[in-house]
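Containing compact mmCIF, C-alpha atoms: protein-v7.txt.
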# COMPACT_ATOMS: atom_id res chain seq x y z
CA MET A 1 -235.88 1.17 193.19
CA ASN A 2 -233.49 -1.77 192.82
CA ALA A 3 -230.18 -0.84 194.47
CA ASP A 4 -227.93 -2.83 192.10
CA ARG A 5 -229.71 -1.46 189.03
CA LEU A 6 -229.42 2.05 190.40
CA THR A 7 -225.75 1.64 191.31
CA THR A 8 -224.68 0.55 187.83
CA THR A 9 -226.75 3.32 186.23
CA VAL A 10 -225.23 5.98 188.51
CA GLN A 11 -221.78 4.70 187.63
CA ALA A 12 -222.65 5.05 183.94
CA ILE A 13 -223.94 8.61 184.47
CA THR A 14 -220.83 9.76 186.31
CA LEU A 15 -218.57 8.05 183.77
CA LEU A 16 -220.34 9.84 180.92
CA LEU A 17 -220.28 13.23 182.65
CA ARG A 18 -216.54 12.92 183.23
CA GLY A 19 -216.11 12.61 179.48
CA ALA A 20 -214.91 8.99 179.69
CA PRO A 21 -215.71 6.21 177.16
CA PRO A 22 -218.23 3.52 178.20
CA HIS A 23 -215.72 0.62 178.59
CA GLN A 24 -218.36 -2.08 177.91
CA ILE A 25 -220.43 -1.22 180.99
CA SER A 26 -223.97 -2.46 181.58
CA PHE A 27 -226.77 -0.13 182.72
CA ASP A 28 -230.47 0.59 182.35
CA SER A 29 -230.74 3.22 179.60
CA ASP A 30 -234.39 4.07 180.41
CA LEU A 31 -233.51 4.66 184.06
CA MET A 32 -230.47 6.67 183.03
CA ILE A 33 -232.55 8.99 180.83
CA ARG A 34 -235.08 9.50 183.64
CA LEU A 35 -232.38 10.28 186.18
CA LEU A 36 -230.53 12.64 183.84
CA LYS A 37 -233.71 14.62 183.23
CA HIS A 38 -234.73 14.61 186.88
CA HIS A 39 -231.32 15.87 188.01
CA ASP A 40 -231.14 18.44 185.19
CA LEU A 41 -228.13 16.81 183.55
CA ASP A 42 -229.67 15.73 180.24
CA ALA A 43 -228.14 18.62 178.26
CA ALA A 44 -224.65 17.87 179.63
CA ALA A 45 -225.14 14.18 178.87
CA ASN A 46 -226.04 14.92 175.26
CA TYR A 47 -222.92 17.08 174.90
CA TRP A 48 -220.66 14.23 176.01
CA ILE A 49 -222.49 11.63 173.92
CA GLU A 50 -221.85 13.79 170.85
CA LYS A 51 -218.19 14.09 171.87
CA ILE A 52 -217.82 10.33 172.47
CA PRO A 53 -219.97 8.52 169.85
CA ALA A 54 -219.35 5.10 171.44
CA TRP A 55 -222.04 6.03 173.98
CA LYS A 56 -224.67 6.16 171.22
CA LEU A 57 -224.61 2.37 170.99
CA TYR A 58 -226.26 2.16 174.42
CA PHE A 59 -229.33 4.24 173.56
CA THR A 60 -232.25 4.03 171.15
CA LYS A 61 -232.74 6.70 168.48
CA LEU A 62 -235.74 7.98 170.40
CA GLN A 63 -233.69 8.36 173.59
CA LEU A 64 -230.91 10.17 171.74
CA ALA A 65 -233.44 12.48 170.09
CA SER A 66 -234.86 13.29 173.53
CA LEU A 67 -231.42 14.24 174.85
CA THR A 68 -230.69 16.36 171.77
CA ALA A 69 -233.98 18.22 172.30
CA SER A 70 -232.99 18.82 175.92
CA GLU A 71 -229.74 20.46 174.87
CA ILE A 72 -231.53 22.70 172.37
CA GLN A 73 -233.97 23.76 175.09
CA ALA A 74 -231.02 24.39 177.43
CA LYS A 75 -229.46 26.76 174.88
CA VAL A 76 -232.73 28.69 174.62
CA ARG A 77 -233.06 28.87 178.40
CA TYR A 78 -229.48 30.04 178.88
CA HIS A 79 -229.83 32.88 176.38
CA LEU A 80 -233.15 33.87 177.96
CA VAL A 81 -231.52 34.15 181.39
CA LEU A 82 -228.50 35.92 179.90
CA GLY A 83 -230.82 38.52 178.37
CA ALA A 84 -232.53 39.02 181.73
CA LEU A 85 -229.11 39.47 183.37
CA LYS A 86 -228.29 42.23 180.88
CA ASP A 87 -231.61 43.92 181.67
CA ALA A 88 -230.98 43.68 185.42
CA LEU A 89 -227.47 45.13 185.11
CA GLN A 90 -228.86 48.10 183.17
CA VAL A 91 -231.09 48.82 186.17
CA ILE A 92 -228.83 48.08 189.17
CA GLY A 93 -225.38 47.44 187.67
CA ASP A 94 -223.90 50.56 189.28
CA LEU A 95 -224.95 49.38 192.78
CA GLN A 96 -222.18 46.74 192.95
CA PRO A 97 -224.23 43.51 192.67
CA VAL A 98 -222.19 40.31 192.89
CA LEU A 99 -223.29 37.31 190.82
CA PHE A 100 -223.01 33.88 192.40
CA LYS A 101 -224.41 30.33 192.21
CA GLY A 102 -226.24 29.17 189.03
CA LEU A 103 -225.41 31.59 186.25
CA ALA A 104 -221.87 32.12 187.56
CA VAL A 105 -221.34 28.34 187.88
CA CYS A 106 -222.33 27.89 184.22
CA GLN A 107 -218.93 29.28 183.31
CA VAL A 108 -217.06 26.22 184.68
CA TYR A 109 -218.99 23.84 182.37
CA PRO A 110 -217.58 22.78 178.97
CA ALA A 111 -220.26 25.04 177.45
CA PRO A 112 -222.29 27.44 179.65
CA HIS A 113 -225.72 26.30 178.44
CA LEU A 114 -225.09 22.76 179.72
CA ARG A 115 -225.86 23.96 183.25
CA ASN A 116 -229.41 25.21 183.80
CA PRO A 117 -228.72 28.65 185.34
CA GLY A 118 -231.97 28.57 187.29
CA ASP A 119 -232.47 32.00 188.86
CA ILE A 120 -230.19 35.02 188.69
CA ASP A 121 -228.62 35.27 192.15
CA PHE A 122 -227.26 38.68 193.15
CA LEU A 123 -225.59 39.44 196.46
CA MET A 124 -226.13 43.14 197.18
CA PRO A 125 -224.17 45.40 199.54
CA ILE A 126 -226.55 46.13 202.39
CA ASN A 127 -226.33 49.92 201.94
CA TYR A 128 -227.53 49.56 198.32
CA PHE A 129 -230.18 46.88 198.88
CA GLU A 130 -233.27 49.08 199.29
CA ARG A 131 -232.20 51.30 196.38
CA ALA A 132 -231.88 48.20 194.18
CA VAL A 133 -235.38 47.05 195.22
CA ASP A 134 -236.89 50.43 194.33
CA ARG A 135 -235.15 50.54 190.94
CA LEU A 136 -236.19 47.01 189.98
CA MET A 137 -239.83 47.69 190.84
CA GLU A 138 -239.78 50.99 188.95
CA ALA A 139 -238.38 49.11 185.92
CA GLY A 140 -241.29 46.64 186.01
CA TRP A 141 -239.71 43.71 187.84
CA LYS A 142 -242.48 42.11 189.93
CA LEU A 143 -241.96 41.19 193.58
CA GLU A 144 -242.86 37.51 193.92
CA PRO A 145 -244.49 35.77 196.91
CA SER A 146 -241.99 34.22 199.30
CA VAL A 147 -241.90 33.09 202.92
CA HIS A 148 -240.41 36.33 204.20
CA ARG A 149 -241.58 38.86 201.61
CA ASP A 150 -244.10 40.53 203.90
CA CYS A 151 -242.06 40.66 207.11
CA PRO A 152 -241.26 44.13 208.50
CA PRO A 153 -238.18 45.76 206.91
CA GLU A 154 -236.22 45.82 210.17
CA ILE A 155 -236.75 42.06 210.62
CA ALA A 156 -235.75 41.37 207.02
CA ARG A 157 -232.53 43.34 207.52
CA ARG A 158 -231.77 41.69 210.85
CA TYR A 159 -232.10 38.17 209.46
CA GLY A 160 -230.70 38.84 205.98
CA PHE A 161 -233.77 37.71 204.04
CA ALA A 162 -233.71 37.79 200.24
CA LEU A 163 -236.37 39.19 197.92
CA ILE A 164 -237.50 37.48 194.71
CA PHE A 165 -238.37 39.33 191.50
CA ARG A 166 -239.78 38.22 188.16
CA HIS A 167 -238.58 39.79 184.92
CA PRO A 168 -241.15 42.18 183.38
CA THR A 169 -241.62 40.15 180.17
CA SER A 170 -239.79 36.80 180.41
CA PRO A 171 -240.09 33.85 182.83
CA VAL A 172 -236.82 34.57 184.64
CA ILE A 173 -236.48 35.00 188.39
CA LEU A 174 -233.94 37.26 190.12
CA ASP A 175 -233.06 36.54 193.75
CA LEU A 176 -231.77 39.65 195.49
CA HIS A 177 -229.74 38.50 198.50
CA ARG A 178 -228.63 40.41 201.55
CA ALA A 179 -226.53 37.37 202.50
CA PRO A 180 -225.81 33.95 200.93
CA VAL A 181 -227.94 32.28 203.63
CA ASP A 182 -230.26 33.95 206.12
CA LYS A 183 -229.96 33.77 209.90
CA THR A 184 -232.72 31.19 210.31
CA GLU A 185 -230.26 28.70 208.78
CA PRO A 186 -227.67 26.82 210.85
CA PHE A 187 -224.87 28.50 208.89
CA TRP A 188 -224.17 32.23 208.83
CA ILE A 189 -221.73 33.58 206.28
CA GLU A 190 -220.79 37.18 206.89
CA PRO A 191 -221.67 39.08 203.68
CA GLU A 192 -218.86 41.58 204.20
CA ASP A 193 -216.33 38.74 203.87
CA LEU A 194 -217.55 38.10 200.34
CA PHE A 195 -217.16 41.71 199.23
CA GLN A 196 -213.45 41.84 200.10
CA PHE A 197 -212.48 40.55 196.66
CA THR A 198 -214.97 40.34 193.78
CA PRO A 199 -213.19 39.54 190.51
CA ASN A 200 -214.77 40.38 187.19
CA LEU A 201 -216.52 37.46 185.44
CA GLN A 202 -216.89 37.65 181.66
CA ILE A 203 -220.24 36.00 180.96
CA SER A 204 -220.30 36.86 177.24
CA VAL A 205 -218.71 39.30 174.81
CA GLU A 206 -221.23 41.92 175.92
CA VAL A 207 -221.74 41.07 179.60
CA SER A 208 -219.31 41.11 182.51
CA VAL A 209 -220.20 41.27 186.17
CA ALA A 210 -218.55 41.04 189.58
CA SER A 211 -218.50 37.56 191.09
CA LEU A 212 -217.01 35.82 194.12
CA ALA A 213 -213.42 34.87 194.81
CA VAL A 214 -212.88 31.23 193.88
CA GLU A 215 -212.22 30.25 197.54
CA ASP A 216 -215.55 31.76 198.64
CA HIS A 217 -217.51 30.44 195.69
CA LEU A 218 -216.24 26.86 195.99
CA ALA A 219 -217.03 26.83 199.71
CA LEU A 220 -220.58 28.03 198.99
CA LEU A 221 -221.07 25.45 196.22
CA ALA A 222 -219.92 22.58 198.46
CA LEU A 223 -222.17 23.86 201.25
CA HIS A 224 -225.13 24.24 198.89
CA SER A 225 -224.75 20.65 197.65
CA VAL A 226 -225.66 19.27 201.09
CA ARG A 227 -227.49 22.00 203.03
CA HIS A 228 -230.99 20.94 201.99
CA GLY A 229 -232.99 17.89 202.98
CA PHE A 230 -233.04 16.95 199.31
CA PHE A 231 -230.32 16.44 196.72
CA ARG A 232 -229.50 17.03 193.08
CA LEU A 233 -226.67 15.23 191.36
CA ILE A 234 -226.00 18.42 189.39
CA TRP A 235 -224.96 20.18 192.61
CA PHE A 236 -222.16 17.65 193.16
CA TYR A 237 -221.23 17.97 189.49
CA ASP A 238 -220.94 21.73 190.08
CA VAL A 239 -218.48 21.09 192.90
CA HIS A 240 -216.48 18.67 190.74
CA LEU A 241 -216.19 21.02 187.76
CA ALA A 242 -215.44 24.05 189.95
CA SER A 243 -212.71 22.10 191.75
CA GLU A 244 -211.19 21.09 188.41
CA LYS A 245 -211.44 24.61 187.00
CA TRP A 246 -210.27 26.57 190.03
CA GLY A 247 -208.03 24.01 191.76
CA ASN A 248 -204.70 25.38 190.53
CA SER A 249 -205.54 29.00 191.40
CA LEU A 250 -207.24 28.29 194.71
CA ASN A 251 -205.47 29.43 197.90
CA ARG A 252 -206.08 26.46 200.19
CA GLU A 253 -205.13 28.31 203.36
CA ILE A 254 -207.67 31.06 202.66
CA PHE A 255 -210.23 28.38 201.77
CA ARG A 256 -209.62 26.58 205.08
CA GLN A 257 -209.78 29.83 207.08
CA ARG A 258 -213.07 30.78 205.42
CA CYS A 259 -214.63 27.41 206.26
CA GLU A 260 -213.49 27.67 209.88
CA ARG A 261 -214.65 31.28 210.27
CA TRP A 262 -218.12 30.42 208.93
CA HIS A 263 -218.30 27.11 210.85
CA ILE A 264 -218.95 25.15 207.66
CA SER A 265 -215.86 22.92 207.60
CA ARG A 266 -217.76 19.67 208.07
CA ALA A 267 -220.53 20.58 205.63
CA VAL A 268 -218.01 21.61 202.96
CA ARG A 269 -215.94 18.46 203.45
CA VAL A 270 -219.05 16.29 203.17
CA GLY A 271 -220.12 17.99 199.94
CA ARG A 272 -216.63 17.88 198.51
CA GLU A 273 -216.03 14.23 199.43
CA ILE A 274 -219.35 13.08 197.96
CA SER A 275 -218.52 14.97 194.78
CA ARG A 276 -215.04 13.43 194.68
CA ARG A 277 -216.42 9.91 195.08
CA LEU A 278 -218.96 10.44 192.31
CA PHE A 279 -216.58 12.28 189.98
CA PRO A 280 -213.01 11.31 190.91
CA THR A 281 -210.51 14.15 190.80
CA GLN A 282 -207.01 14.64 192.14
CA VAL A 283 -207.76 18.11 193.53
CA LEU A 284 -207.51 18.03 197.34
CA LEU A 285 -208.97 20.86 199.40
CA PHE A 286 -208.16 19.56 202.91
CA PRO A 287 -205.04 17.49 202.14
CA ASP A 288 -203.62 17.30 205.67
CA ILE A 289 -206.78 16.71 207.71
CA PRO A 290 -208.23 13.17 207.93
CA LEU A 291 -211.99 12.68 207.98
CA ASP A 292 -213.36 12.48 211.52
CA VAL A 293 -216.03 9.99 212.59
CA GLY A 294 -218.88 12.52 212.40
CA THR A 295 -217.91 13.61 208.88
CA ARG A 296 -217.65 10.00 207.69
CA ARG A 297 -221.09 9.29 209.14
CA SER A 298 -222.57 12.31 207.38
CA ILE A 299 -221.07 11.16 204.08
CA ALA A 300 -222.38 7.62 204.53
CA ARG A 301 -225.95 8.91 205.03
CA ARG A 302 -225.72 10.59 201.63
CA ASN A 303 -224.95 7.57 199.47
CA ASN A 304 -225.82 7.13 195.80
CA LEU A 305 -229.23 5.65 196.55
CA THR A 306 -230.13 8.54 198.85
CA ILE A 307 -228.97 11.14 196.35
CA MET A 308 -230.88 9.57 193.48
CA ARG A 309 -234.01 9.36 195.61
CA CYS A 310 -233.35 13.07 196.19
CA HIS A 311 -233.89 13.22 199.93
CA LEU A 312 -233.05 11.72 203.31
CA VAL A 313 -235.55 9.30 204.78
CA ASN A 314 -236.95 11.52 207.54
CA PRO A 315 -240.47 12.63 206.55
CA GLY A 316 -242.03 16.04 206.20
CA SER A 317 -240.57 19.42 207.01
CA TRP A 318 -238.36 17.89 209.71
CA ARG A 319 -236.31 16.06 207.09
CA ARG A 320 -234.20 19.17 206.56
CA LEU A 321 -233.66 19.61 210.29
CA ALA A 322 -232.17 16.12 210.55
CA ALA A 323 -230.12 16.71 207.41
CA MET A 324 -228.59 19.87 208.86
CA ILE A 325 -227.76 18.72 212.37
CA ASP A 326 -225.18 16.13 211.33
CA LEU A 327 -223.39 18.69 209.12
CA LEU A 328 -222.64 21.16 211.91
CA ASP A 329 -219.09 21.51 213.19
CA ASN A 330 -219.83 20.82 216.87
CA ARG A 331 -222.59 19.85 219.30
CA TRP A 332 -223.13 23.39 220.54
CA LEU A 333 -223.95 24.59 217.02
CA ALA A 334 -226.28 21.61 216.56
CA PHE A 335 -228.06 22.30 219.87
CA ARG A 336 -228.41 26.01 219.10
CA TYR A 337 -229.84 25.29 215.65
CA LEU A 338 -232.28 22.74 217.09
CA MET A 339 -233.54 25.22 219.70
CA ARG A 340 -233.79 28.06 217.17
CA THR A 341 -235.83 25.79 214.90
CA VAL A 342 -238.17 24.50 217.59
CA PHE A 343 -238.48 27.90 219.29
CA PRO A 344 -237.72 30.59 216.68
CA SER A 345 -237.88 34.25 217.58
CA ARG A 346 -241.44 35.56 217.88
CA SER A 347 -240.47 38.47 215.64
CA LEU A 348 -240.23 36.07 212.68
CA PHE A 349 -244.02 35.64 212.77
CA ALA A 350 -244.71 39.37 212.38
CA THR A 351 -245.68 40.92 209.04
CA ASN A 352 -246.48 44.44 207.92
CA GLU A 353 -250.15 43.63 208.60
CA LYS A 354 -249.75 41.38 211.65
CA SER A 355 -247.95 42.20 214.89
CA ILE A 356 -245.66 39.90 216.87
CA PRO A 357 -247.82 37.11 218.38
CA SER A 358 -248.44 37.11 222.12
CA ILE A 359 -246.43 34.72 224.27
CA PRO A 360 -249.44 32.41 225.00
CA ARG A 361 -250.33 32.20 221.30
CA TYR A 362 -246.71 31.60 220.37
CA LEU A 363 -246.26 28.78 222.91
CA LYS A 364 -249.50 27.12 221.78
CA ASP A 365 -248.38 27.16 218.14
CA ARG A 366 -244.95 25.79 219.00
CA LEU A 367 -246.40 22.95 221.07
CA LEU A 368 -248.62 21.97 218.14
CA LYS A 369 -245.50 21.89 215.93
CA ILE A 370 -243.68 19.67 218.42
CA PHE A 371 -246.61 17.23 218.56
CA GLN A 372 -246.61 17.15 214.75
CA PHE A 373 -242.89 16.41 214.83
CA ARG A 374 -243.44 13.47 217.20
CA ARG A 375 -246.10 12.07 214.89
CA ASP A 376 -243.78 12.42 211.90
CA ILE A 377 -240.82 10.62 213.43
CA SER A 378 -242.99 7.83 214.89
CA ARG A 379 -244.28 6.81 211.45

Is it possible to give me this structure as structure tokens?
Amino acid sequence: MNADRLTTTVQAITLLLRGAPPHQISFDSDLMIRLLKHHDLDAAANYWIEKIPAWKLYFTKLQLASLTASEIQAKVRYHLVLGALKDALQVIGDLQPVLFKGLAVCQVYPAPHLRNPGDIDFLMPINYFERAVDRLMEAGWKLEPSVHRDCPPEIARRYGFALIFRHPTSPVILDLHRAPVDKTEPFWIEPEDLFQFTPNLQISVEVSVASLAVEDHLALLALHSVRHGFFRLIWFYDVHLASEKWGNSLNREIFRQRCERWHISRAVRVGREISRRLFPTQVLLFPDIPLDVGTRRSIARRNNLTIMRCHLVNPGSWRRLAAMIDLLDNRWLAFRYLMRTVFPSRSLFATNEKSIPSIPRYLKDRLLKIFQFRRDISR
């Protein structure tokens, strides 16, 4: 992909999504349409093109029709997920579920349907989790295959693994979380912190649900934008819009304390700074703390070309490991995460049908993984 061509097209995308006029810019409209669709921003783009007709001069009628169709599909998808949310709340609404991520983030967009809600993400109080699982299954929600679905219950509780359910009649997924991230990740966010204040979020005239405090939610969004080995421009747009929407009401001292307590300060600053560079805003979250060398390096690795390619250059499953290490707040956290990834607990390999592997079998499997890693990084 030509870097100059990509750069001008990314600039056009971010200009459009900020609701700014084109200002006689030059970009590749075909590439722009492809990127908008790939990063799930085509519905939002169509909204702004309709608001600012000068943008229509840069696209063919066929391209504009494609974007219009995307927004119509987005409206259908949003109402489908909203209906599934209503169904879920009828089943487990009294068990204090807290909505976060996709469907909750939709509410910071100019119109909620412009953000694909993806799955319904519920954070459940741990003492209600098993009851919620039983109720959903009794109501016809189907437990979906996942990496940790079949691990023993005590292991699932210890590591905070989520369960995934499919709606009985519509293609909507519900993620039931014990914690925002599980303990195999480099970041651990104490779930009890998030339940301290859960304001009511009015999703529609008929639907309201508990959600996260803005300080907690913005920290999670900024973390989410960078905590994978791949990227979506929409995740940085989420951070931008949430910062704009919540900036005046956000308690910056609480926000800073949360990031420090969860050891996500660098990751959050990287996500926030990338978002700010893509979508300039005057909202400052860490106004008195300059960027350190490690944070600047992490930001530089996630430039426009990397984001549009959707992943860092390291191949295979180790790409995410490399992506995480340079986001951690200190070397001890990085070393601990590396060792936990190379030599995870043997209990993680147990299932309801399979016991914990023996030490010789475990060591053999881990050595094979290490040899595979060496082959990957030598390519």

Give as a PyMOL selection string the set of residues within 12 Å of the point (-230.9, 33.6, 195.0), where distances use the file's coordinates and only C-alpha atoms.
chain A and resi 98-104+117-124+146+161-165+172-182+224

Considering only C-alpha atoms, state which residue in the set A:Val108, A:Val147, A:Leu31, A:Ile289 is at the smallest distance from Phe349 in chain A.
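Selected residue with least distance to Phe349 in chain A: A:Val147.
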
Can you work out the spacing between CA of Arg336 in chain A and CA of Pro186 in chain A in Å, to one decimal?
8.3 Å

Within 9 Å of Ile49 in chain A, counting only C-alpha atoms, which residues show up once you throw out same-chain ones fewer than 4 positions away? Write them as a PyMOL selection string, please.
chain A and resi 16+19+44-45+53-56+64

So what do you get for CA of Asp87 in chain A versus CA of Asn116 in chain A, distance-wise?
19.0 Å

Mind running range 59-157 of chain A against range 197-209 of chain A at 10 Å and telling me each contacting residue's nearest atom pair with the distance in Å (one decimal), counting all atoms listed in the file, chain and number ascending, as a Markdown table?
| residue | atom | partner | partner_atom | distance |
| --- | --- | --- | --- | --- |
| A:Leu82 | CA | A:Ile203 | CA | 8.3 |
| A:Gly83 | CA | A:Val207 | CA | 9.5 |
| A:Leu85 | CA | A:Val207 | CA | 8.4 |
| A:Lys86 | CA | A:Val207 | CA | 6.8 |
| A:Leu89 | CA | A:Val209 | CA | 8.3 |
| A:Gly93 | CA | A:Val209 | CA | 8.2 |
| A:Gln96 | CA | A:Val209 | CA | 8.9 |
| A:Pro97 | CA | A:Val209 | CA | 8.0 |
| A:Val98 | CA | A:Val209 | CA | 7.1 |
| A:Leu99 | CA | A:Val209 | CA | 6.8 |
| A:Leu103 | CA | A:Ile203 | CA | 8.6 |
| A:Ala104 | CA | A:Ile203 | CA | 7.8 |
| A:Cys106 | CA | A:Ile203 | CA | 9.0 |
| A:Gln107 | CA | A:Ile203 | CA | 7.2 |
| A:Pro112 | CA | A:Ile203 | CA | 8.9 |

Those same residues - C-alpha atoms - I'd like them written as a PDB file, in the coordinates of the input.
ATOM      1  CA  LEU A  82    -228.500  35.920 179.900  1.00  0.00           C
ATOM      2  CA  GLY A  83    -230.820  38.520 178.370  1.00  0.00           C
ATOM      3  CA  LEU A  85    -229.110  39.470 183.370  1.00  0.00           C
ATOM      4  CA  LYS A  86    -228.290  42.230 180.880  1.00  0.00           C
ATOM      5  CA  LEU A  89    -227.470  45.130 185.110  1.00  0.00           C
ATOM      6  CA  GLY A  93    -225.380  47.440 187.670  1.00  0.00           C
ATOM      7  CA  GLN A  96    -222.180  46.740 192.950  1.00  0.00           C
ATOM      8  CA  PRO A  97    -224.230  43.510 192.670  1.00  0.00           C
ATOM      9  CA  VAL A  98    -222.190  40.310 192.890  1.00  0.00           C
ATOM     10  CA  LEU A  99    -223.290  37.310 190.820  1.00  0.00           C
ATOM     11  CA  LEU A 103    -225.410  31.590 186.250  1.00  0.00           C
ATOM     12  CA  ALA A 104    -221.870  32.120 187.560  1.00  0.00           C
ATOM     13  CA  CYS A 106    -222.330  27.890 184.220  1.00  0.00           C
ATOM     14  CA  GLN A 107    -218.930  29.280 183.310  1.00  0.00           C
ATOM     15  CA  PRO A 112    -222.290  27.440 179.650  1.00  0.00           C
TER      16      PRO A 112
END

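Nearest-residue note for Leu363 in chain A: choosing from A:Val342, A:Ile274, A:Met137, A:Leu348, the minimum distance belongs to A:Val342, counting only C-alpha atoms.
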
So, counting all atoms listed in the file, which residue among A:Pro168, A:Trp262, A:Asn251, A:Asp326 is closest to Pro191 in chain A?
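Residue with the minimum atom-to-atom distance to Pro191 in chain A: A:Trp262.
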
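Nearest to Ile307 in chain A of all the residues A:Leu35, A:Ala210, A:Ile264, A:Leu338 is A:Leu35, counting only C-alpha atoms.
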
Quick one: pull the distance between CA of Trp48 in chain A and CA of Asp238 in chain A, Å, one decimal.
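Computing the Euclidean distance for CA of Trp48 in chain A and CA of Asp238 in chain A yields 15.9 Å.
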
List every protein, DNA or RNA residue with an atom no more than 10 Å from (-211.6, 26.0, 189.1) in the file's coordinates, counting all atoms listed in the file, and format the result as a ChimeraX atom specification.
/A:107-108,214-215,217-218,239-250,283

C-alpha atoms of the current selection, written as a PDB file, in the coordinates of the input:
ATOM      1  CA  GLN A 107    -218.930  29.280 183.310  1.00  0.00           C
ATOM      2  CA  VAL A 108    -217.060  26.220 184.680  1.00  0.00           C
ATOM      3  CA  VAL A 214    -212.880  31.230 193.880  1.00  0.00           C
ATOM      4  CA  GLU A 215    -212.220  30.250 197.540  1.00  0.00           C
ATOM      5  CA  HIS A 217    -217.510  30.440 195.690  1.00  0.00           C
ATOM      6  CA  LEU A 218    -216.240  26.860 195.990  1.00  0.00           C
ATOM      7  CA  VAL A 239    -218.480  21.090 192.900  1.00  0.00           C
ATOM      8  CA  HIS A 240    -216.480  18.670 190.740  1.00  0.00           C
ATOM      9  CA  LEU A 241    -216.190  21.020 187.760  1.00  0.00           C
ATOM     10  CA  ALA A 242    -215.440  24.050 189.950  1.00  0.00           C
ATOM     11  CA  SER A 243    -212.710  22.100 191.750  1.00  0.00           C
ATOM     12  CA  GLU A 244    -211.190  21.090 188.410  1.00  0.00           C
ATOM     13  CA  LYS A 245    -211.440  24.610 187.000  1.00  0.00           C
ATOM     14  CA  TRP A 246    -210.270  26.570 190.030  1.00  0.00           C
ATOM     15  CA  GLY A 247    -208.030  24.010 191.760  1.00  0.00           C
ATOM     16  CA  ASN A 248    -204.700  25.380 190.530  1.00  0.00           C
ATOM     17  CA  SER A 249    -205.540  29.000 191.400  1.00  0.00           C
ATOM     18  CA  LEU A 250    -207.240  28.290 194.710  1.00  0.00           C
ATOM     19  CA  VAL A 283    -207.760  18.110 193.530  1.00  0.00           C
TER      20      VAL A 283
END

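For the choices A:Ala139, A:His79, A:Val105, A:Arg346, the atom-to-atom distance to Trp235 in chain A is smallest for A:Val105 when using all atoms listed in the file.
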
Residue among A:Leu221, A:Leu212, A:Leu41, A:Leu291 lying closest to Gln196 in chain A, counting all atoms listed in the file
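Checking each candidate against Gln196 in chain A, we get A:Leu212 as the closest.
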
Could you give me, as a list of chain:residue names, the residues within 9 Å of Ile299 in chain A, counting only C-alpha atoms and dropping anything in the same chain fewer than 5 positions from it?
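Selected residues are A:Arg269, A:Val270, A:Gly271, A:Glu273, A:Ile274, A:Gly294.
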
At a cut-off of 9 Å, using all atoms listed in the file, what residues contact Gly140 in chain A? Leave out same-chain residues fewer than 5 positions from it and give the result as a PyMOL selection string.
chain A and resi 135+166-169
